[in-house]
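Everything below belongs to target34.pdb, which stores PDB, C-alpha atoms and all ligand atoms.
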MODEL        1
ATOM      1  CA  MET A   1     -23.980  -9.577 -23.539
ATOM      2  CA  GLY A   2     -23.873 -13.313 -23.015
ATOM      3  CA  MET A   3     -21.122 -14.150 -20.544
ATOM      4  CA  THR A   4     -18.748 -15.853 -22.951
ATOM      5  CA  ASP A   5     -20.324 -14.472 -26.043
ATOM      6  CA  ARG A   6     -19.818 -11.720 -28.542
ATOM      7  CA  TYR A   7     -23.526 -11.171 -29.116
ATOM      8  CA  ASP A   8     -25.749  -8.692 -27.284
ATOM      9  CA  ARG A   9     -28.644 -11.066 -27.418
ATOM     10  CA  VAL A  10     -29.086 -14.741 -28.289
ATOM     11  CA  ILE A  11     -32.650 -15.682 -29.204
ATOM     12  CA  VAL A  12     -34.242 -19.094 -29.741
ATOM     13  CA  LEU A  13     -37.416 -18.897 -31.821
ATOM     14  CA  THR A  14     -39.656 -21.850 -32.681
ATOM     15  CA  GLY A  15     -42.063 -21.757 -35.604
ATOM     16  CA  ALA A  16     -39.677 -19.333 -37.281
ATOM     17  CA  SER A  17     -40.750 -20.316 -40.801
ATOM     18  CA  GLY A  18     -44.407 -19.405 -40.250
ATOM     19  CA  GLY A  19     -46.306 -16.131 -40.360
ATOM     20  CA  ILE A  20     -45.804 -14.736 -36.864
ATOM     21  CA  GLY A  21     -42.459 -16.481 -36.277
ATOM     22  CA  GLN A  22     -41.013 -15.194 -39.522
ATOM     23  CA  ALA A  23     -42.197 -11.669 -38.697
ATOM     24  CA  LEU A  24     -40.708 -11.957 -35.203
ATOM     25  CA  ALA A  25     -37.342 -13.079 -36.638
ATOM     26  CA  ARG A  26     -37.261  -9.977 -38.824
ATOM     27  CA  GLU A  27     -38.466  -7.786 -35.974
ATOM     28  CA  PHE A  28     -35.623  -8.858 -33.683
ATOM     29  CA  ALA A  29     -32.911  -9.065 -36.362
ATOM     30  CA  GLY A  30     -30.092  -6.541 -36.251
ATOM     31  CA  PRO A  31     -26.378  -6.257 -35.522
ATOM     32  CA  GLY A  32     -25.393  -7.949 -32.259
ATOM     33  CA  THR A  33     -28.292 -10.406 -32.338
ATOM     34  CA  TYR A  34     -27.870 -14.173 -32.821
ATOM     35  CA  LEU A  35     -31.038 -16.061 -33.767
ATOM     36  CA  ALA A  36     -31.548 -19.824 -33.640
ATOM     37  CA  LEU A  37     -34.544 -20.468 -35.899
ATOM     38  CA  ILE A  38     -36.429 -23.722 -35.376
ATOM     39  CA  ALA A  39     -39.169 -25.390 -37.425
ATOM     40  CA  ARG A  40     -39.478 -28.733 -39.182
ATOM     41  CA  ASP A  41     -38.903 -27.516 -42.714
ATOM     42  CA  GLU A  42     -35.356 -26.316 -43.317
ATOM     43  CA  ALA A  43     -36.170 -25.147 -46.861
ATOM     44  CA  ARG A  44     -38.624 -22.630 -45.380
ATOM     45  CA  LEU A  45     -36.231 -21.522 -42.639
ATOM     46  CA  GLU A  46     -33.333 -20.718 -44.986
ATOM     47  CA  PRO A  47     -34.942 -17.695 -46.697
ATOM     48  CA  VAL A  48     -35.795 -16.258 -43.273
ATOM     49  CA  MET A  49     -32.147 -16.667 -42.254
ATOM     50  CA  THR A  50     -31.027 -14.935 -45.464
ATOM     51  CA  ASP A  51     -33.356 -12.004 -44.701
ATOM     52  CA  ILE A  52     -32.177 -11.548 -41.139
ATOM     53  CA  ARG A  53     -28.512 -11.768 -42.190
ATOM     54  CA  ALA A  54     -29.235  -8.928 -44.622
ATOM     55  CA  GLN A  55     -30.485  -6.988 -41.592
ATOM     56  CA  GLY A  56     -27.125  -7.508 -39.844
ATOM     57  CA  ALA A  57     -28.064 -10.363 -37.534
ATOM     58  CA  GLU A  58     -26.312 -13.712 -37.337
ATOM     59  CA  GLY A  59     -27.776 -17.091 -36.616
ATOM     60  CA  GLU A  60     -28.485 -20.668 -37.569
ATOM     61  CA  VAL A  61     -31.434 -22.806 -38.564
ATOM     62  CA  ALA A  62     -32.409 -26.102 -36.964
ATOM     63  CA  ALA A  63     -34.903 -28.433 -38.642
ATOM     64  CA  ILE A  64     -36.493 -29.978 -35.566
ATOM     65  CA  ASP A  65     -40.002 -31.154 -34.763
ATOM     66  CA  ILE A  66     -40.694 -29.749 -31.287
ATOM     67  CA  ARG A  67     -42.527 -32.986 -30.516
ATOM     68  CA  ASP A  68     -39.149 -34.739 -30.669
ATOM     69  CA  ARG A  69     -38.138 -33.971 -27.098
ATOM     70  CA  GLU A  70     -34.798 -35.744 -27.183
ATOM     71  CA  LYS A  71     -33.608 -34.071 -30.360
ATOM     72  CA  LEU A  72     -34.906 -30.624 -29.378
ATOM     73  CA  GLN A  73     -33.430 -30.694 -25.896
ATOM     74  CA  ALA A  74     -30.053 -32.035 -27.086
ATOM     75  CA  TYR A  75     -29.953 -29.230 -29.650
ATOM     76  CA  LEU A  76     -30.849 -26.510 -27.131
ATOM     77  CA  ALA A  77     -28.260 -27.759 -24.618
ATOM     78  CA  GLU A  78     -25.544 -27.796 -27.280
ATOM     79  CA  LEU A  79     -26.562 -24.375 -28.626
ATOM     80  CA  ASP A  80     -26.415 -22.901 -25.124
ATOM     81  CA  THR A  81     -22.793 -24.035 -24.682
ATOM     82  CA  ARG A  82     -21.841 -22.172 -27.882
ATOM     83  CA  HIS A  83     -24.141 -19.177 -27.425
ATOM     84  CA  PRO A  84     -25.685 -18.733 -23.967
ATOM     85  CA  VAL A  85     -29.358 -18.100 -24.621
ATOM     86  CA  ASP A  86     -30.982 -14.873 -23.392
ATOM     87  CA  LEU A  87     -34.473 -15.190 -24.807
ATOM     88  CA  VAL A  88     -36.567 -18.161 -25.894
ATOM     89  CA  ILE A  89     -39.785 -17.551 -27.811
ATOM     90  CA  ALA A  90     -41.997 -20.661 -27.925
ATOM     91  CA  ASN A  91     -44.113 -19.687 -30.894
ATOM     92  CA  ALA A  92     -44.626 -22.871 -32.965
ATOM     93  CA  GLY A  93     -48.213 -24.034 -32.950
ATOM     94  CA  VAL A  94     -50.901 -25.735 -35.025
ATOM     95  CA  THR A  95     -54.685 -25.382 -35.417
ATOM     96  CA  ALA A  96     -57.579 -27.581 -36.300
ATOM     97  CA  GLY A  97     -61.299 -27.393 -35.738
ATOM     98  CA  LEU A  98     -64.433 -29.487 -35.982
ATOM     99  CA  GLY A  99     -64.848 -32.195 -38.586
ATOM    100  CA  PRO A 100     -66.905 -31.826 -41.799
ATOM    101  CA  ASN A 101     -70.539 -30.684 -41.304
ATOM    102  CA  ARG A 102     -69.889 -29.707 -37.707
ATOM    103  CA  THR A 103     -69.049 -33.218 -36.579
ATOM    104  CA  ARG A 104     -66.601 -33.773 -33.753
ATOM    105  CA  GLU A 105     -62.948 -32.949 -33.949
ATOM    106  CA  SER A 106     -60.920 -35.974 -35.074
ATOM    107  CA  ASP A 107     -58.785 -37.791 -32.511
ATOM    108  CA  ALA A 108     -55.716 -37.185 -34.682
ATOM    109  CA  ASP A 109     -56.346 -33.425 -34.783
ATOM    110  CA  SER A 110     -56.915 -33.294 -31.059
ATOM    111  CA  ASP A 111     -53.757 -35.288 -30.303
ATOM    112  CA  ARG A 112     -51.625 -33.260 -32.700
ATOM    113  CA  GLN A 113     -52.622 -29.972 -31.081
ATOM    114  CA  ILE A 114     -51.850 -31.294 -27.612
ATOM    115  CA  ASP A 115     -48.522 -32.702 -28.819
ATOM    116  CA  VAL A 116     -47.356 -29.544 -30.619
ATOM    117  CA  ASN A 117     -49.076 -26.680 -28.782
ATOM    118  CA  TYR A 118     -48.688 -28.020 -25.260
ATOM    119  CA  ARG A 119     -46.073 -30.768 -25.091
ATOM    120  CA  GLY A 120     -43.911 -29.084 -27.741
ATOM    121  CA  VAL A 121     -43.859 -25.826 -25.781
ATOM    122  CA  VAL A 122     -43.015 -27.663 -22.556
ATOM    123  CA  ASN A 123     -40.215 -29.502 -24.415
ATOM    124  CA  THR A 124     -38.856 -26.143 -25.597
ATOM    125  CA  VAL A 125     -38.923 -24.508 -22.175
ATOM    126  CA  SER A 126     -37.555 -27.579 -20.397
ATOM    127  CA  GLY A 127     -34.652 -27.735 -22.841
ATOM    128  CA  ILE A 128     -33.320 -24.319 -21.815
ATOM    129  CA  VAL A 129     -34.722 -23.413 -18.398
ATOM    130  CA  ASP A 130     -31.960 -25.065 -16.318
ATOM    131  CA  ALA A 131     -29.342 -22.917 -18.053
ATOM    132  CA  LEU A 132     -31.352 -19.715 -17.512
ATOM    133  CA  GLN A 133     -32.010 -20.559 -13.873
ATOM    134  CA  LYS A 134     -28.302 -21.252 -13.249
ATOM    135  CA  ARG A 135     -27.226 -17.989 -14.911
ATOM    136  CA  ARG A 136     -29.999 -16.173 -13.053
ATOM    137  CA  ARG A 137     -31.010 -14.269 -16.149
ATOM    138  CA  GLY A 138     -33.039 -14.600 -19.300
ATOM    139  CA  GLN A 139     -36.592 -14.500 -20.553
ATOM    140  CA  ILE A 140     -39.136 -17.070 -21.672
ATOM    141  CA  VAL A 141     -41.955 -16.039 -24.005
ATOM    142  CA  LEU A 142     -44.979 -18.258 -24.604
ATOM    143  CA  VAL A 143     -47.218 -17.547 -27.584
ATOM    144  CA  ALA A 144     -50.735 -18.550 -26.501
ATOM    145  CA  SER A 145     -53.913 -17.037 -28.012
ATOM    146  CA  LEU A 146     -57.041 -15.062 -27.149
ATOM    147  CA  ALA A 147     -58.737 -18.448 -27.710
ATOM    148  CA  GLY A 148     -56.983 -19.566 -24.531
ATOM    149  CA  MET A 149     -58.633 -16.726 -22.579
ATOM    150  CA  ARG A 150     -62.079 -17.647 -23.893
ATOM    151  CA  ALA A 151     -62.506 -20.815 -25.912
ATOM    152  CA  LEU A 152     -63.747 -20.539 -29.484
ATOM    153  CA  PRO A 153     -66.795 -22.777 -30.038
ATOM    154  CA  ASP A 154     -65.381 -24.498 -33.117
ATOM    155  CA  MET A 155     -61.825 -25.075 -31.897
ATOM    156  CA  PRO A 156     -62.056 -27.258 -28.790
ATOM    157  CA  SER A 157     -58.561 -28.720 -28.518
ATOM    158  CA  TYR A 158     -56.851 -25.612 -29.850
ATOM    159  CA  SER A 159     -58.542 -23.458 -27.218
ATOM    160  CA  ALA A 160     -57.720 -26.001 -24.510
ATOM    161  CA  THR A 161     -54.029 -26.179 -25.417
ATOM    162  CA  LYS A 162     -53.751 -22.386 -25.420
ATOM    163  CA  ALA A 163     -55.485 -22.178 -22.016
ATOM    164  CA  ALA A 164     -52.967 -24.757 -20.807
ATOM    165  CA  ILE A 165     -50.092 -22.605 -22.071
ATOM    166  CA  ILE A 166     -51.452 -19.594 -20.205
ATOM    167  CA  ALA A 167     -51.649 -21.586 -16.962
ATOM    168  CA  TYR A 168     -48.188 -23.062 -17.562
ATOM    169  CA  GLY A 169     -46.775 -19.564 -18.107
ATOM    170  CA  HIS A 170     -48.279 -18.153 -14.930
ATOM    171  CA  SER A 171     -46.768 -21.028 -12.997
ATOM    172  CA  LEU A 172     -43.336 -20.621 -14.611
ATOM    173  CA  ARG A 173     -43.364 -16.905 -13.821
ATOM    174  CA  GLY A 174     -43.919 -17.491 -10.119
ATOM    175  CA  TRP A 175     -41.255 -20.186  -9.947
ATOM    176  CA  LEU A 176     -38.594 -18.329 -11.947
ATOM    177  CA  LYS A 177     -38.980 -14.772 -10.687
ATOM    178  CA  PRO A 178     -36.658 -15.264  -7.681
ATOM    179  CA  PHE A 179     -34.037 -16.599 -10.131
ATOM    180  CA  GLY A 180     -34.089 -13.441 -12.249
ATOM    181  CA  VAL A 181     -35.735 -15.183 -15.204
ATOM    182  CA  SER A 182     -38.803 -13.408 -16.565
ATOM    183  CA  VAL A 183     -41.771 -14.989 -18.298
ATOM    184  CA  THR A 184     -44.040 -13.277 -20.822
ATOM    185  CA  ILE A 185     -47.335 -14.802 -21.964
ATOM    186  CA  ILE A 186     -48.640 -13.398 -25.240
ATOM    187  CA  CYS A 187     -52.205 -13.835 -26.478
ATOM    188  CA  PRO A 188     -52.583 -12.644 -30.070
ATOM    189  CA  GLY A 189     -55.942 -12.138 -31.755
ATOM    190  CA  PHE A 190     -56.354 -12.706 -35.490
ATOM    191  CA  VAL A 191     -53.090 -12.222 -37.359
ATOM    192  CA  THR A 192     -52.720 -12.665 -41.132
ATOM    193  CA  THR A 193     -50.619 -15.820 -41.590
ATOM    194  CA  PRO A 194     -50.893 -19.194 -43.361
ATOM    195  CA  MET A 195     -52.563 -20.462 -40.168
ATOM    196  CA  SER A 196     -55.277 -17.816 -40.137
ATOM    197  CA  ALA A 197     -55.793 -18.197 -43.912
ATOM    198  CA  ARG A 198     -57.201 -21.656 -43.103
ATOM    199  CA  HIS A 199     -59.588 -20.099 -40.567
ATOM    200  CA  LYS A 200     -62.836 -19.574 -42.484
ATOM    201  CA  GLY A 201     -65.007 -17.295 -40.392
ATOM    202  CA  ALA A 202     -65.135 -13.818 -38.894
ATOM    203  CA  LYS A 203     -61.715 -12.494 -37.903
ATOM    204  CA  PRO A 204     -62.454  -9.150 -36.251
ATOM    205  CA  PHE A 205     -59.544  -6.707 -35.982
ATOM    206  CA  GLU A 206     -57.285  -9.019 -38.046
ATOM    207  CA  MET A 207     -53.838  -7.465 -38.350
ATOM    208  CA  PRO A 208     -50.732  -8.057 -40.489
ATOM    209  CA  ALA A 209     -48.010 -10.280 -39.041
ATOM    210  CA  ASP A 210     -45.378  -7.527 -39.086
ATOM    211  CA  LYS A 211     -47.599  -5.255 -37.004
ATOM    212  CA  ALA A 212     -48.286  -8.093 -34.557
ATOM    213  CA  ALA A 213     -44.533  -8.767 -34.328
ATOM    214  CA  THR A 214     -43.830  -5.117 -33.503
ATOM    215  CA  LEU A 215     -46.416  -5.151 -30.697
ATOM    216  CA  MET A 216     -45.053  -8.470 -29.408
ATOM    217  CA  ARG A 217     -41.444  -7.227 -29.385
ATOM    218  CA  ARG A 218     -42.482  -4.180 -27.369
ATOM    219  CA  ALA A 219     -44.253  -6.357 -24.795
ATOM    220  CA  ILE A 220     -41.243  -8.697 -24.651
ATOM    221  CA  GLU A 221     -38.764  -5.853 -24.166
ATOM    222  CA  ARG A 222     -40.923  -4.375 -21.406
ATOM    223  CA  LYS A 223     -40.941  -7.826 -19.807
ATOM    224  CA  ARG A 224     -44.728  -7.744 -19.593
ATOM    225  CA  ALA A 225     -46.097 -10.692 -17.612
ATOM    226  CA  PHE A 226     -49.138 -10.971 -19.858
ATOM    227  CA  TYR A 227     -49.917  -9.238 -23.115
ATOM    228  CA  ALA A 228     -53.170  -9.753 -25.044
ATOM    229  CA  PHE A 229     -53.879  -7.861 -28.261
ATOM    230  CA  PRO A 230     -55.501  -6.218 -30.160
ATOM    231  CA  PHE A 231     -56.627  -4.180 -27.178
ATOM    232  CA  LEU A 232     -60.347  -3.931 -28.008
ATOM    233  CA  LEU A 233     -60.851  -7.631 -28.682
ATOM    234  CA  ALA A 234     -58.832  -8.586 -25.594
ATOM    235  CA  PHE A 235     -60.870  -6.092 -23.564
ATOM    236  CA  GLY A 236     -64.153  -7.553 -24.890
ATOM    237  CA  ILE A 237     -63.027 -11.039 -23.905
ATOM    238  CA  ARG A 238     -62.018  -9.886 -20.423
ATOM    239  CA  LEU A 239     -65.454  -8.246 -19.999
ATOM    240  CA  GLN A 240     -67.373 -11.314 -21.147
ATOM    241  CA  ASN A 241     -65.316 -13.451 -18.772
ATOM    242  CA  LEU A 242     -66.973 -11.471 -15.966
ATOM    243  CA  LEU A 243     -70.432 -12.432 -17.260
ATOM    244  CA  PRO A 244     -72.253 -15.708 -16.662
ATOM    245  CA  PRO A 245     -71.068 -18.194 -19.339
ATOM    246  CA  ILE A 246     -74.483 -18.258 -21.008
ATOM    247  CA  LEU A 247     -74.135 -14.543 -21.839
ATOM    248  CA  GLY A 248     -70.534 -15.042 -22.919
ATOM    249  CA  ASP A 249     -71.785 -17.735 -25.306
ATOM    250  CA  LEU A 250     -73.886 -15.079 -27.070
ATOM    251  CA  PHE A 251     -70.758 -12.968 -27.517
ATOM    252  CA  LEU A 252     -68.866 -15.974 -28.902
ATOM    253  CA  GLY A 253     -71.781 -16.884 -31.225
ATOM    254  CA  GLY A 254     -70.330 -14.516 -33.812
ATOM    255  CA  PHE A 255     -67.088 -16.455 -34.000
ATOM    256  CA  GLU A 256     -68.304 -19.565 -35.809
ATOM    257  CA  ALA A 257     -65.549 -20.850 -38.069
ATOM    258  CA  GLU A 258     -64.378 -23.724 -40.181
ATOM    259  CA  ILE A 259     -60.722 -24.638 -40.033
ATOM    260  CA  GLU A 260     -59.308 -26.112 -43.219
ATOM    261  CA  ASP A 261     -56.872 -29.028 -42.987
ATOM    262  CA  ASP A 262     -53.256 -28.105 -42.343
ATOM    263  CA  PRO A 263     -51.376 -28.909 -45.566
ATOM    264  CA  ARG A 264     -48.105 -29.252 -43.640
ATOM    265  CA  TYR A 265     -49.435 -32.267 -41.784
ATOM    266  CA  GLY A 266     -50.401 -35.590 -43.312
ATOM    267  CA  ASN A 267     -53.739 -36.244 -44.918
ATOM    268  CA  PRO A 268     -55.453 -38.494 -43.808
ATOM    269  CA  LYS A 269     -55.028 -36.546 -40.630
ATOM    270  CA  ASP A 270     -52.842 -38.997 -38.833
ATOM    271  CA  THR A 271     -49.701 -37.048 -37.967
TER     272      THR A 271
HETATM  273  N1  LIG B 301     -52.346 -16.388 -36.816
HETATM  274  C1  LIG B 301     -53.187 -16.115 -35.835
HETATM  275  O1  LIG B 301     -54.251 -15.524 -36.056
HETATM  276  C2  LIG B 301     -52.848 -16.525 -34.412
HETATM  277  C3  LIG B 301     -53.655 -16.050 -33.383
HETATM  278  C4  LIG B 301     -53.368 -16.389 -32.069
HETATM  279  C5  LIG B 301     -52.272 -17.195 -31.787
HETATM  280  N2  LIG B 301     -51.487 -17.655 -32.794
HETATM  281  C6  LIG B 301     -50.350 -18.502 -32.443
HETATM  282  O2  LIG B 301     -49.169 -17.946 -32.966
HETATM  283  C7  LIG B 301     -48.231 -18.978 -33.251
HETATM  284  C8  LIG B 301     -47.744 -18.836 -34.689
HETATM  285  O3  LIG B 301     -48.869 -18.951 -35.555
HETATM  286  P1  LIG B 301     -48.851 -18.591 -37.109
HETATM  287  O4  LIG B 301     -50.159 -17.975 -37.431
HETATM  288  O5  LIG B 301     -47.609 -17.902 -37.465
HETATM  289  O6  LIG B 301     -48.882 -20.088 -37.708
HETATM  290  P2  LIG B 301     -48.260 -20.687 -39.050
HETATM  291  O7  LIG B 301     -48.206 -19.626 -40.084
HETATM  292  O8  LIG B 301     -49.017 -21.927 -39.325
HETATM  293  O9  LIG B 301     -46.757 -21.056 -38.615
HETATM  294  C9  LIG B 301     -46.544 -22.072 -37.667
HETATM  295  C10 LIG B 301     -45.060 -22.282 -37.483
HETATM  296  O10 LIG B 301     -44.876 -23.354 -36.550
HETATM  297  C11 LIG B 301     -44.030 -24.349 -37.145
HETATM  298  N3  LIG B 301     -44.406 -25.683 -36.661
HETATM  299  C12 LIG B 301     -45.599 -26.308 -36.804
HETATM  300  N4  LIG B 301     -45.540 -27.528 -36.254
HETATM  301  C13 LIG B 301     -44.275 -27.672 -35.752
HETATM  302  C14 LIG B 301     -43.604 -28.713 -35.077
HETATM  303  N5  LIG B 301     -44.219 -29.870 -34.801
HETATM  304  N6  LIG B 301     -42.300 -28.536 -34.721
HETATM  305  C15 LIG B 301     -41.668 -27.379 -35.017
HETATM  306  N7  LIG B 301     -42.260 -26.342 -35.630
HETATM  307  C16 LIG B 301     -43.558 -26.499 -36.007
HETATM  308  C17 LIG B 301     -44.247 -24.205 -38.647
HETATM  309  O11 LIG B 301     -43.154 -24.681 -39.410
HETATM  310  P3  LIG B 301     -43.052 -26.211 -39.984
HETATM  311  O12 LIG B 301     -44.395 -26.554 -40.538
HETATM  312  O13 LIG B 301     -41.956 -26.145 -41.001
HETATM  313  O14 LIG B 301     -42.659 -27.065 -38.821
HETATM  314  C18 LIG B 301     -44.348 -22.698 -38.762
HETATM  315  O15 LIG B 301     -43.054 -22.132 -38.759
HETATM  316  C19 LIG B 301     -48.962 -20.297 -32.981
HETATM  317  O16 LIG B 301     -48.634 -20.780 -31.690
HETATM  318  C20 LIG B 301     -50.423 -19.891 -33.037
HETATM  319  O17 LIG B 301     -51.238 -20.764 -32.281
HETATM  320  C21 LIG B 301     -51.744 -17.345 -34.112
ENDMDL
END

Please re-express this file's structure in structure tokens.
Amino acid sequence: MGMTDRYDRVIVLTGASGGIGQALAREFAGPGTYLALIARDEARLEPVMTDIRAQGAEGEVAAIDIRDREKLQAYLAELDTRHPVDLVIANAGVTAGLGPNRTRESDADSDRQIDVNYRGVVNTVSGIVDALQKRRRGQIVLVASLAGMRALPDMPSYSATKAAIIAYGHSLRGWLKPFGVSVTIICPGFVTTPMSARHKGAKPFEMPADKAATLMRRAIERKRAFYAFPFLLAFGIRLQNLLPPILGDLFLGGFEAEIEDDPRYGNPKDT
């Protein structure tokens, strides 16, 4: 129970209008839960809010670009005064890959992934962490990727931003543990979402978003430090990380992919 609050649990969730975020909202929704759902597109957040209200949860939507640090952090600070936050799930993210005919990744794609997947996550955490540290409670969840544990050959900046998130999470965990704030890093494999629909290539062990959300909720509730799934793919990646890189490259050879342009970002790929 938040100290001045009538809810059992107040959750901030970014990327709540997308595949995994939407599934997570539904997974956590229930009586006693207050969800603040963040993404840029309010029209796509509203139906998610309607669904979770039908499940007995309460909440609000906030149309914010997580790259807009000032707006995001002002919102989170104000939200926390109304509903002290217990759990923040930094889930919003974007993908891109190589250019046409296996040419280099565009500068715009590279920048956008750094701005959303890394800076946006840092903006999210920084907007709420002071409050959690002061209350000496709460949990921060970072949604990284298996691609951050071993880079995919065709997704250079994506893999790099997810590796950065993993490192950032390990650091946060060490810093915040003495303050009673836990940190959970999650590395999903292939999950069926609009993002993965643009991923044209092998997607071994691909799983539905609702199943992924159930596994993620379990890991979050157990306050796991690090959770990578599905187990077999995560295990394979851990094994190949013990091999010389040249052998790991053979393992990754089967993961060639083309990433279609993200329709939610401008074309030409400038934003
Ligand atoms: N699907 C997979 O196979 C897979 C695997 C490993 C990791 N992941 C990670 O899981 C997370 C969710 O992925 P997903 O598959 O659910 O992707 P998705 O279907 O593309 O959804 C992405 C969500 O992020 C939001 N978003 C994008 N840019 C944003 C911005 N600048 N500010 C605020 N919100 C923004 C989108 O809403 P708006 O466009 O309205 O802003 C949407 O709600 C990502 O971090 C992704 O990297 C996914």

*Quick one: distance from atom C18 of ligand LIG 301 (chain B) to CA of Pro194 in chain A in Å, one decimal?*
8.7 Å

*Test item: residues no farther than 6 Å from ligand LIG 301 (chain B), counting all atoms listed in the file, as a ChimeraX atom specification*: /A:14-21,39-41,64-67,91-94,116,143-145,188-196,264

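Take CA of Pro178 in chain A and CA of Arg224 in chain A: the distance between them is 16.2 Å.
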
*Reference answer for the PyMOL selection byres (((chain A and resi 148) around 7) and not hetatm), as JSON, numbers by chain*: {"A": [144, 145, 146, 147, 149, 150, 151, 159, 160, 162, 163]}

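The space between CA of Gly248 in chain A and CA of Glu260 in chain A spans 25.7 Å.
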
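Among the candidates A:Tyr7, A:Ala62, A:Thr214, A:Met49, the residue lying nearest to Phe28 in chain A is A:Thr214 (atoms considered: only C-alpha atoms).
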
*Residues at most 9 Å from Ala202 in chain A, counting only C-alpha atoms, excluding those fewer than 6 positions away in the same chain, as a PyMOL selection string?*
chain A and resi 254-257

*Out of A:Ser126, A:Thr50, A:Ser110, A:Ser171, which residue has the shortest atom-to-atom distance to Gly97 in chain A when counting all atoms listed in the file?*
A:Ser110

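With all atoms listed in the file as the basis for measurement, A:Gly120 is the residue among A:Gly120, A:Gly56, A:Pro208, A:Gly174 that approaches Arg69 in chain A most closely.
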
_Using only C-alpha atoms, which protein or nucleic acid residues come within 7 Å of Arg136 in chain A? Drop anything in the same chain fewer than 6 positions from it, and give the result as a PyMOL selection string._
chain A and resi 179-181

*Which neighbours of range 33-35 of chain A fall inside 12 Å, counting all atoms listed in the file, when residues of the same chain fewer than 6 positions from it are skipped, and could you give them as a PyMOL selection string?*
chain A and resi 1-2+5-14+16+21-22+24-27+45+48-53+55-62+79-80+82-89

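Nearest residue to Gln133 in chain A among A:Cys187, A:Trp175, A:Arg238, A:Ala219 is A:Trp175, counting all atoms listed in the file.
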